[in-house]
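A.B. asks: Take this structure first; my questions come after.
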Amino acid sequence: MEDQLINVPLYADVIAAGKRPEILFWVGCAGSFDARAQKVSKAFAKLLNHAGVDFAILGDEEACTGDPARRAGNEFLFQMSALQNIEVLNGYEVQKIVTACPHCFNTLKNEYPALGGNYEVIHHTTLLHQLFEEGKLSVEGGNFKGKKITYHDSCYLGRVNGVYEIPRKLLEQLDVELVEMKRCKTNGLCCGAGGAQMFKEDEPGDKRINIERVEEALETGAQSIAANCPFCLTMLGDGLKEKEQQEKLNVYDISELILQSIQ
Amino acid sequence: MIQILIFSLITAIVFFIAGKKFWRIRRNILLGQAKDVSGDVGQRLKNMTLVAFGQKKMFKRFIPALFHLFIYVAFLFTTLELVEILIDGFTGHHRFFATILGGFYTFLISFVEGLSVLAFIATVIFLSRRNLLKLPRFTKAEMLGWPTKDGNLILIFEIILLVAIFTMNGADTVLQNRDVAHYPDIGNLLVSSWLGPMLFDGLSTNTVIIIERIGWWMHLLMVYGFMLYLPFSKHLHIFLAFPNVFYASLKPRGEMENMESIMNEVKSMMGLVEDTPVDDDMSELPSFGAKDVFDLSWKSLMDAYTCTECGRCTSVCPANQTGKKLSPRKIMMDVRDRVEEVATKIDLQEEGCKIDKEKTLAKDNFDDSKSLFDYISKEEIHACTTCNACVEACPVMIDPLEIILDLRRYEILTESAGPTDWMPMFNSIENNGAVWQLPNSRAEWKDS
Ligand code: SF4
Ligand code: SF4
């Protein structure tokens, strides 16, 4: 299924054809431009196609949600980006949004309402879980059955928005052997990218945060880390490369694990 | 009679000074900005009951939470006992409630004694944990000096208090057994009924009476000492934990405070609103974010006074754990220290700090050419990943992240400074609508 062609309509085209997509897939900057995260966008789109979900993307009408600017302290830039997005979203009367990035998810869900943008926003793991529940996705003894996988809670899905169990339930669907890291769930350790850290060098210290995290992941003896955030993917991937352990342990977004299991 | 006089005098002085100190803390907290704390009172009461009273978040670390609970409950009951002490002290009664409550009184005092034994054990364990085990979170840089002494002092206070209680009750039971007038029999006490005779039985009645009085006064003076000491100590949390949890934000954790003024400005720039009356008189450049304690919300200042310096936040902070300078506990301690510095200058009405020499030195007429940035370095606030681990960990619902972000806002918006690495990201969001400057279309991924 991985090589299957994907069908990702643009919101504007669907509207022009007199229809209205059920849900908007908010791709985000990473999902649009970062080579690693683009693969996740594709995997997720393929799963949506496979499950017959009626969705569309904004394409060039989408702009950065403004999360990194806001958390760096640049409220001005955040407002500019956010208000511009809200113009577009309200113009299309968008009701429901799904995104594969927990930072976009948090900002769209929790911060846009104060600026006049009110939508039902869900993270892609939640939508995928719903599709399993509805029987639109199913896995029969897939690629990862019985394999040791550890799950990395991203801060903005986990601690900030309280979603801990749904991604784990997805892994259950894949019949993997879930091994938890020492710090998980409410106590999960950050990958080091949040708060605009992704875009700058670390302050002086003993260690990079992503190294600390992959060391913990390596201790579990898992063969893969399941993640839910494009920035975690980058940080953990880089960490493993720096420790030259990328052969031993790889990092996937949950949607990629599902896609690989379905074929 | 003399005892009653001395008691009344000491009590009046202690309550007066303590009252003044607590009032001063209230004033200091109100040096901060107004903050809207409206919203579901039911939810707030629930938080207060569960988190402050019920210590729900403490129990994420079970064993310390249990020992802390012993001390806490013993403290609650000792406070109730204070009511009797006050009545006895002012009226010259002895154990005023004993005759009124009868058997229930015996039960209550026995209960307190049981708790006190547990609290005693807990205190000894906490003292050894701090001084023998040297847990990393108690020995970080910001804990050097006074904070460490503060932590130990209060535990020693606690031990003296407990010794006083048992001296008082123990001597009392011996006197009761000997049917000494003024010491009515209050029944068998859990601990003192065997401890007292064991220690004091060989002594003359007069000596035992003196010992009982010493225990009683020592008990009283420890409680009073504690009241006077509290305003200078991290132990203020025993009171402030309650309002602090009550007023903790009910908003989603991921929602940063919206800056309305900037939103409205951007809206009118983008032509999204009808012409708003523009404030033409821009003689003063607006300041955004927080440079000093006056710019933080009063809730952040209450947070700082409530902080127990337990270090749970710092022990889970990813930046701190990987050796960066940032420590959320230090942020809270720095804010408190700065508030205290400002408050002392206001108390003294230091001429040099007045902006307008004609007026009194106050929150809106204050400049000592220092700020929070003399306590907290840029390096610290830059290292934060906004992961919210500190917020999650704090047992009294303190939000160190809000302060860090307010400081970042000042640096970026008012000073137009900040890490140079961020500039390309800012520029490309502004010009390109994405965090990276790329010529590609946002939809290209689907066809690649
Ligand atoms: S939010 Fe910032 S200060 Fe708090 S734990 Fe995370 S990195 Fe540390
Ligand atoms: S902020 Fe909270 S967790 Fe951190 S030291 Fe203070 S009381 Fe403890």
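Ordered as shown in the structure tokens, chains take letters A, B, and onward, while each chain numbers its residues from 1 and ligands are numbered from 1 in the order shown.
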DSSP on the backbone, alpha helix (DSSP H) only: what residues of range 92-265 of chain B does that give? Format it as a ChimeraX atom specification.
C.D. replies: /B:96-101,103-128,146-177,192-200,205-229,237-246,260-265
A.B. asks: Should the cut-off be 8 Å, what would the residue list for chain B against chain A look like, counting only C-alpha atoms, as a PDB file with C-alpha atoms, in the first residue's frame?
C.D. replies:
ATOM      1  CA  PRO B 252      -6.268  24.880  28.765  1.00  0.00           C
ATOM      2  CA  ARG B 253      -2.655  24.417  29.696  1.00  0.00           C
ATOM      3  CA  GLY B 254      -1.566  25.001  26.125  1.00  0.00           C
ATOM      4  CA  GLU B 255      -3.154  28.429  25.851  1.00  0.00           C
ATOM      5  CA  MET B 256      -0.791  31.339  26.307  1.00  0.00           C
ATOM      6  CA  ASN B 258      -3.541  36.447  24.526  1.00  0.00           C
ATOM      7  CA  MET B 259      -2.070  39.948  24.197  1.00  0.00           C
ATOM      8  CA  ILE B 262      -1.152  43.495  19.952  1.00  0.00           C
ATOM      9  CA  MET B 263      -4.034  41.518  18.483  1.00  0.00           C
ATOM     10  CA  VAL B 266      -2.459  43.668  14.002  1.00  0.00           C
ATOM     11  CA  LYS B 267      -6.161  43.487  13.199  1.00  0.00           C
ATOM     12  CA  VAL B 316      11.922  17.049  35.830  1.00  0.00           C
ATOM     13  CA  PRO B 318      14.709  18.696  30.564  1.00  0.00           C
ATOM     14  CA  ALA B 319      16.966  21.723  30.327  1.00  0.00           C
ATOM     15  CA  THR B 322      20.959  18.115  30.772  1.00  0.00           C
ATOM     16  CA  GLY B 323      23.076  20.651  32.607  1.00  0.00           C
ATOM     17  CA  LYS B 324      21.630  23.948  31.379  1.00  0.00           C
ATOM     18  CA  LYS B 325      21.451  26.869  33.775  1.00  0.00           C
ATOM     19  CA  GLU B 379      20.592  32.244  28.972  1.00  0.00           C
ATOM     20  CA  HIS B 382      16.274  30.837  26.318  1.00  0.00           C
ATOM     21  CA  ALA B 383      16.821  27.243  27.396  1.00  0.00           C
ATOM     22  CA  CYS B 384      13.150  26.509  28.104  1.00  0.00           C
ATOM     23  CA  THR B 385      11.410  24.050  25.761  1.00  0.00           C
ATOM     24  CA  THR B 386       7.948  25.014  27.093  1.00  0.00           C
ATOM     25  CA  CYS B 387       7.464  21.312  27.814  1.00  0.00           C
ATOM     26  CA  ASN B 388       5.232  22.014  30.850  1.00  0.00           C
ATOM     27  CA  ALA B 389       6.949  19.365  32.956  1.00  0.00           C
ATOM     28  CA  GLU B 392       2.750  19.307  35.812  1.00  0.00           C
ATOM     29  CA  LEU B 405       7.347  33.392  28.596  1.00  0.00           C
ATOM     30  CA  ASP B 406       6.565  36.878  29.931  1.00  0.00           C
ATOM     31  CA  ARG B 408      10.807  36.256  26.602  1.00  0.00           C
ATOM     32  CA  ARG B 409       8.054  38.567  25.416  1.00  0.00           C
ATOM     33  CA  TYR B 410       9.837  41.527  26.940  1.00  0.00           C
ATOM     34  CA  GLU B 411      13.114  40.562  25.332  1.00  0.00           C
ATOM     35  CA  ILE B 412      11.657  40.062  21.862  1.00  0.00           C
ATOM     36  CA  LEU B 413       8.922  42.694  21.728  1.00  0.00           C
ATOM     37  CA  PRO B 419      18.803  34.632  20.154  1.00  0.00           C
ATOM     38  CA  ASP B 421      19.280  31.951  15.581  1.00  0.00           C
ATOM     39  CA  TRP B 422      15.617  32.867  15.811  1.00  0.00           C
ATOM     40  CA  MET B 425      12.719  31.765  11.537  1.00  0.00           C
ATOM     41  CA  PHE B 426      10.926  35.030  12.337  1.00  0.00           C
ATOM     42  CA  ILE B 429       7.277  33.283   8.941  1.00  0.00           C
ATOM     43  CA  GLU B 430       6.774  36.945   8.172  1.00  0.00           C
ATOM     44  CA  GLY B 433       4.341  31.997   6.023  1.00  0.00           C
ATOM     45  CA  ALA B 434       6.556  29.088   7.028  1.00  0.00           C
ATOM     46  CA  VAL B 435       9.293  28.492   9.554  1.00  0.00           C
ATOM     47  CA  TRP B 436      11.777  27.767   6.783  1.00  0.00           C
ATOM     48  CA  LEU B 438      11.806  27.721   0.847  1.00  0.00           C
ATOM     49  CA  SER B 441       4.714  25.349  -2.794  1.00  0.00           C
ATOM     50  CA  ARG B 442       3.179  24.055   0.413  1.00  0.00           C
ATOM     51  CA  ALA B 443       1.367  21.345  -1.507  1.00  0.00           C
ATOM     52  CA  GLU B 444       4.343  19.911  -3.379  1.00  0.00           C
ATOM     53  CA  TRP B 445       4.884  17.023  -0.966  1.00  0.00           C
ATOM     54  CA  LYS B 446       1.865  15.188  -2.221  1.00  0.00           C
TER      55      LYS B 446
END
A.B. asks: CA of Leu401 in chain B and CA of Arg129 in chain B are how many Å apart?
C.D. replies: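 Interatomic distance, CA of Leu401 in chain B to CA of Arg129 in chain B: 28.4 Å.
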A.B. asks: So which residues touch Leu249 in chain A within 10 Å, counting only C-alpha atoms, skipping near sequence neighbours fewer than 5 positions away, as a ChimeraX atom specification?
C.D. replies: /A:149,214,217-218,221-225,237,240-241,244
A.B. asks: Please identify all polymer residues within 9 Å of range 248-251 of chain B, counting only C-alpha atoms, omitting same-chain residues fewer than 4 positions from it, and present them as a VMD selection string.
C.D. replies: (chain A and resid 110) or (chain B and resid 37 39 to 40 43 to 44 47 243 to 244 255 299 397 to 399)
A.B. asks: Output N, CA and C atoms for every residue in that selection, as a PDB file, in the first residue's frame.
C.D. replies:
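In the end it all went to part.pdb:
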ATOM      1  N   ASN A 110      -6.429  25.426  21.098  1.00  0.00           N
ATOM      2  CA  ASN A 110      -6.507  26.185  22.349  1.00  0.00           C
ATOM      3  C   ASN A 110      -6.273  27.677  22.210  1.00  0.00           C
TER       4      ASN A 110
ATOM      5  N   VAL B  37      -9.509  36.406  37.235  1.00  0.00           N
ATOM      6  CA  VAL B  37      -9.602  35.065  37.809  1.00  0.00           C
ATOM      7  C   VAL B  37     -11.064  34.664  37.978  1.00  0.00           C
ATOM      8  N   GLY B  39     -14.592  32.873  36.613  1.00  0.00           N
ATOM      9  CA  GLY B  39     -14.738  31.511  36.105  1.00  0.00           C
ATOM     10  C   GLY B  39     -15.193  30.583  37.203  1.00  0.00           C
ATOM     11  N   ASP B  40     -15.456  29.380  36.797  1.00  0.00           N
ATOM     12  CA  ASP B  40     -16.103  28.352  37.588  1.00  0.00           C
ATOM     13  C   ASP B  40     -15.580  28.221  39.027  1.00  0.00           C
ATOM     14  N   GLN B  43     -15.286  24.561  40.258  1.00  0.00           N
ATOM     15  CA  GLN B  43     -14.067  23.881  39.833  1.00  0.00           C
ATOM     16  C   GLN B  43     -12.881  24.320  40.695  1.00  0.00           C
ATOM     17  N   ARG B  44     -12.847  25.607  40.999  1.00  0.00           N
ATOM     18  CA  ARG B  44     -11.742  26.126  41.812  1.00  0.00           C
ATOM     19  C   ARG B  44     -11.765  25.513  43.212  1.00  0.00           C
ATOM     20  N   ASN B  47     -10.494  22.002  42.994  1.00  0.00           N
ATOM     21  CA  ASN B  47      -9.030  21.965  42.928  1.00  0.00           C
ATOM     22  C   ASN B  47      -8.424  22.169  44.306  1.00  0.00           C
ATOM     23  N   PRO B 243      -5.083  29.597  48.660  1.00  0.00           N
ATOM     24  CA  PRO B 243      -5.493  30.552  47.622  1.00  0.00           C
ATOM     25  C   PRO B 243      -4.765  30.316  46.300  1.00  0.00           C
ATOM     26  N   ASN B 244      -3.522  29.870  46.383  1.00  0.00           N
ATOM     27  CA  ASN B 244      -2.762  29.713  45.146  1.00  0.00           C
ATOM     28  C   ASN B 244      -3.376  28.652  44.243  1.00  0.00           C
ATOM     29  N   GLU B 255      -2.763  27.111  26.342  1.00  0.00           N
ATOM     30  CA  GLU B 255      -3.154  28.429  25.851  1.00  0.00           C
ATOM     31  C   GLU B 255      -2.328  29.509  26.529  1.00  0.00           C
ATOM     32  N   LYS B 299      -0.835  36.889  40.247  1.00  0.00           N
ATOM     33  CA  LYS B 299      -0.846  35.443  40.469  1.00  0.00           C
ATOM     34  C   LYS B 299       0.570  34.870  40.388  1.00  0.00           C
ATOM     35  N   MET B 397       0.464  23.875  42.272  1.00  0.00           N
ATOM     36  CA  MET B 397      -0.024  24.475  41.024  1.00  0.00           C
ATOM     37  C   MET B 397       0.607  25.824  40.684  1.00  0.00           C
ATOM     38  N   ILE B 398       1.908  25.868  40.831  1.00  0.00           N
ATOM     39  CA  ILE B 398       2.658  27.046  40.407  1.00  0.00           C
ATOM     40  C   ILE B 398       2.978  26.916  38.923  1.00  0.00           C
ATOM     41  N   ASP B 399       3.033  28.043  38.222  1.00  0.00           N
ATOM     42  CA  ASP B 399       3.318  28.018  36.787  1.00  0.00           C
ATOM     43  C   ASP B 399       4.596  28.815  36.483  1.00  0.00           C
TER      44      ASP B 399
END
A.B. asks: For the structure I just gave you, how does DSSP split range 27-229 of chain A - specifically, which residues are strand (DSSP E)? Reply as a compact mmCIF listing (two decimals) with N, CA and C atoms, in the first residue's frame.
C.D. replies:
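What follows is the written file selection_37.txt:
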# COMPACT_ATOMS: atom_id res chain seq x y z
N PHE A 55 -11.45 14.46 2.68
CA PHE A 55 -10.65 15.53 3.28
C PHE A 55 -10.02 16.38 2.19
N ALA A 56 -9.44 17.52 2.61
CA ALA A 56 -8.69 18.35 1.67
C ALA A 56 -7.66 19.15 2.45
N LYS A 96 -14.04 21.36 10.89
CA LYS A 96 -13.29 20.30 11.55
C LYS A 96 -11.89 20.21 10.96
N ILE A 97 -10.89 20.11 11.82
CA ILE A 97 -9.51 20.10 11.37
C ILE A 97 -8.78 18.91 11.99
N VAL A 98 -7.96 18.24 11.18
CA VAL A 98 -7.08 17.21 11.72
C VAL A 98 -5.65 17.59 11.35
N THR A 99 -4.73 17.33 12.26
CA THR A 99 -3.34 17.65 11.95
C THR A 99 -2.42 16.61 12.56
N GLU A 120 -13.47 22.45 15.48
CA GLU A 120 -13.23 21.20 16.19
C GLU A 120 -11.88 20.68 15.69
N VAL A 121 -10.92 20.58 16.57
CA VAL A 121 -9.57 20.21 16.14
C VAL A 121 -9.16 18.89 16.77
N ILE A 122 -8.69 17.94 15.94
CA ILE A 122 -8.21 16.69 16.52
C ILE A 122 -6.83 16.36 15.97
N HIS A 123 -6.11 15.61 16.76
CA HIS A 123 -4.79 15.16 16.34
C HIS A 123 -4.96 13.91 15.48
N LYS A 148 9.01 -5.32 19.65
CA LYS A 148 9.13 -4.39 20.77
C LYS A 148 9.17 -2.95 20.27
N ILE A 149 8.19 -2.18 20.70
CA ILE A 149 8.13 -0.78 20.30
C ILE A 149 7.98 0.07 21.56
N THR A 150 8.68 1.19 21.59
CA THR A 150 8.46 2.10 22.71
C THR A 150 7.76 3.35 22.19
N TYR A 151 6.98 3.99 23.05
CA TYR A 151 6.20 5.14 22.60
C TYR A 151 6.71 6.41 23.28
N GLU A 177 4.52 -5.27 21.01
CA GLU A 177 4.81 -5.36 22.44
C GLU A 177 5.29 -3.98 22.88
N LEU A 178 4.40 -3.27 23.57
CA LEU A 178 4.73 -1.89 23.96
C LEU A 178 5.61 -1.91 25.21
N SER A 224 11.87 -0.01 17.59
CA SER A 224 11.43 1.26 17.02
C SER A 224 10.87 2.15 18.12
N ILE A 225 10.96 3.46 17.86
CA ILE A 225 10.26 4.42 18.70
C ILE A 225 9.05 4.88 17.90
N ALA A 226 7.87 4.83 18.51
CA ALA A 226 6.70 5.40 17.86
C ALA A 226 6.53 6.82 18.38
N ALA A 227 6.40 7.78 17.44
CA ALA A 227 6.25 9.17 17.84
C ALA A 227 4.96 9.71 17.25
A.B. asks: List as a tab-separated table every residue of chain B that is in contact with ligand 2, defined as an atom at most 9 Å from one of its atoms (using only C-alpha atoms and all ligand atoms), together with the nearest atom pair and the distance in Å rounded to one decimal, sorted by chain and then rising number.
C.D. replies:
residue	atom	partner	partner_atom_place_in_ligand_line	distance
B:Lys234	CA	ligand 2	7 (S)	8.9
B:His237	CA	ligand 2	7 (S)	8.3
B:Asp303	CA	ligand 2	1 (S)	7.5
B:Ala304	CA	ligand 2	6 (Fe)	7.6
B:Thr306	CA	ligand 2	7 (S)	6.9
B:Cys307	CA	ligand 2	6 (Fe)	3.8
B:Thr308	CA	ligand 2	7 (S)	4.2
B:Glu309	CA	ligand 2	5 (S)	3.7
B:Cys310	CA	ligand 2	8 (Fe)	4.0
B:Gly311	CA	ligand 2	5 (S)	3.8
B:Arg312	CA	ligand 2	3 (S)	4.3
B:Cys313	CA	ligand 2	3 (S)	4.1
B:Thr314	CA	ligand 2	4 (Fe)	6.3
B:Ser315	CA	ligand 2	3 (S)	8.6
B:Ser327	CA	ligand 2	4 (Fe)	8.8
B:Pro328	CA	ligand 2	4 (Fe)	6.3
B:Arg329	CA	ligand 2	5 (S)	4.5
B:Lys330	CA	ligand 2	5 (S)	7.9
B:Ile331	CA	ligand 2	1 (S)	8.4
B:Met332	CA	ligand 2	1 (S)	6.2
B:Met333	CA	ligand 2	6 (Fe)	8.0
B:Cys390	CA	ligand 2	3 (S)	6.5
B:Val391	CA	ligand 2	3 (S)	7.6
B:Glu392	CA	ligand 2	3 (S)	8.5
B:Ala393	CA	ligand 2	3 (S)	5.7
B:Cys394	CA	ligand 2	3 (S)	3.6
B:Pro395	CA	ligand 2	2 (Fe)	5.9
B:Val396	CA	ligand 2	2 (Fe)	5.9
B:Met397	CA	ligand 2	2 (Fe)	6.7
B:Ile398	CA	ligand 2	1 (S)	5.3
B:Asp399	CA	ligand 2	1 (S)	7.0
B:Pro400	CA	ligand 2	1 (S)	6.4
A.B. asks: What separation in Å, quoted to one decimal, exists between CA of Glu274 in chain B and CA of Asn118 in chain A?
C.D. replies: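 Answer for the CA of Glu274 in chain B to CA of Asn118 in chain A separation: 21.7 Å.
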A.B. asks: Considering only C-alpha atoms, state which residue in the set B:Tyr305, B:Lys140, B:Gln33, B:His219 is at the smallest distance from Gln321 in chain B.
C.D. replies: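 For Gln321 in chain B, the nearest of the given residues is B:Lys140.
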A.B. asks: My list of candidates is B:Ile404, B:Ile165, B:Val112, B:Leu66. Which is closest to ligand 1 when distances are computed with only C-alpha atoms and all ligand atoms?
C.D. replies: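 Between B:Ile404, B:Ile165, B:Val112, B:Leu66, the residue approaching ligand 1 most closely is B:Ile404.
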A.B. asks: Measuring atom to atom with only C-alpha atoms, identify which of B:Ile160, B:Leu86, B:Leu189, B:Ala52 is nearest to Leu69 in chain B.
C.D. replies: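 Checking each of B:Ile160, B:Leu86, B:Leu189, B:Ala52 against Leu69 in chain B, counting only C-alpha atoms, the winner is B:Ala52.
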A.B. asks: B:Ser128, B:Ser428, B:Asp172, B:Gly89: which is nearest Gln3 in chain B, counting only C-alpha atoms?
C.D. replies: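 When distances to Gln3 in chain B are compared using only C-alpha atoms, the smallest one comes from B:Gly89.
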A.B. asks: Might you pull out every residue within 10 Å of Pro167 in chain A, with only C-alpha atoms counted and same-chain residues fewer than 3 positions away left off, and present them as a list in words?
C.D. replies: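 Contacts, in chain order: His124, Thr125, Thr126, Leu128, His129, Tyr151, His152, Asp153, Leu157, Gly158, Val163, Tyr164, Leu170, Leu171, Glu172, Gln173, Ala226, Ala227, Asn228, Ile254 and Ser255 of chain A.
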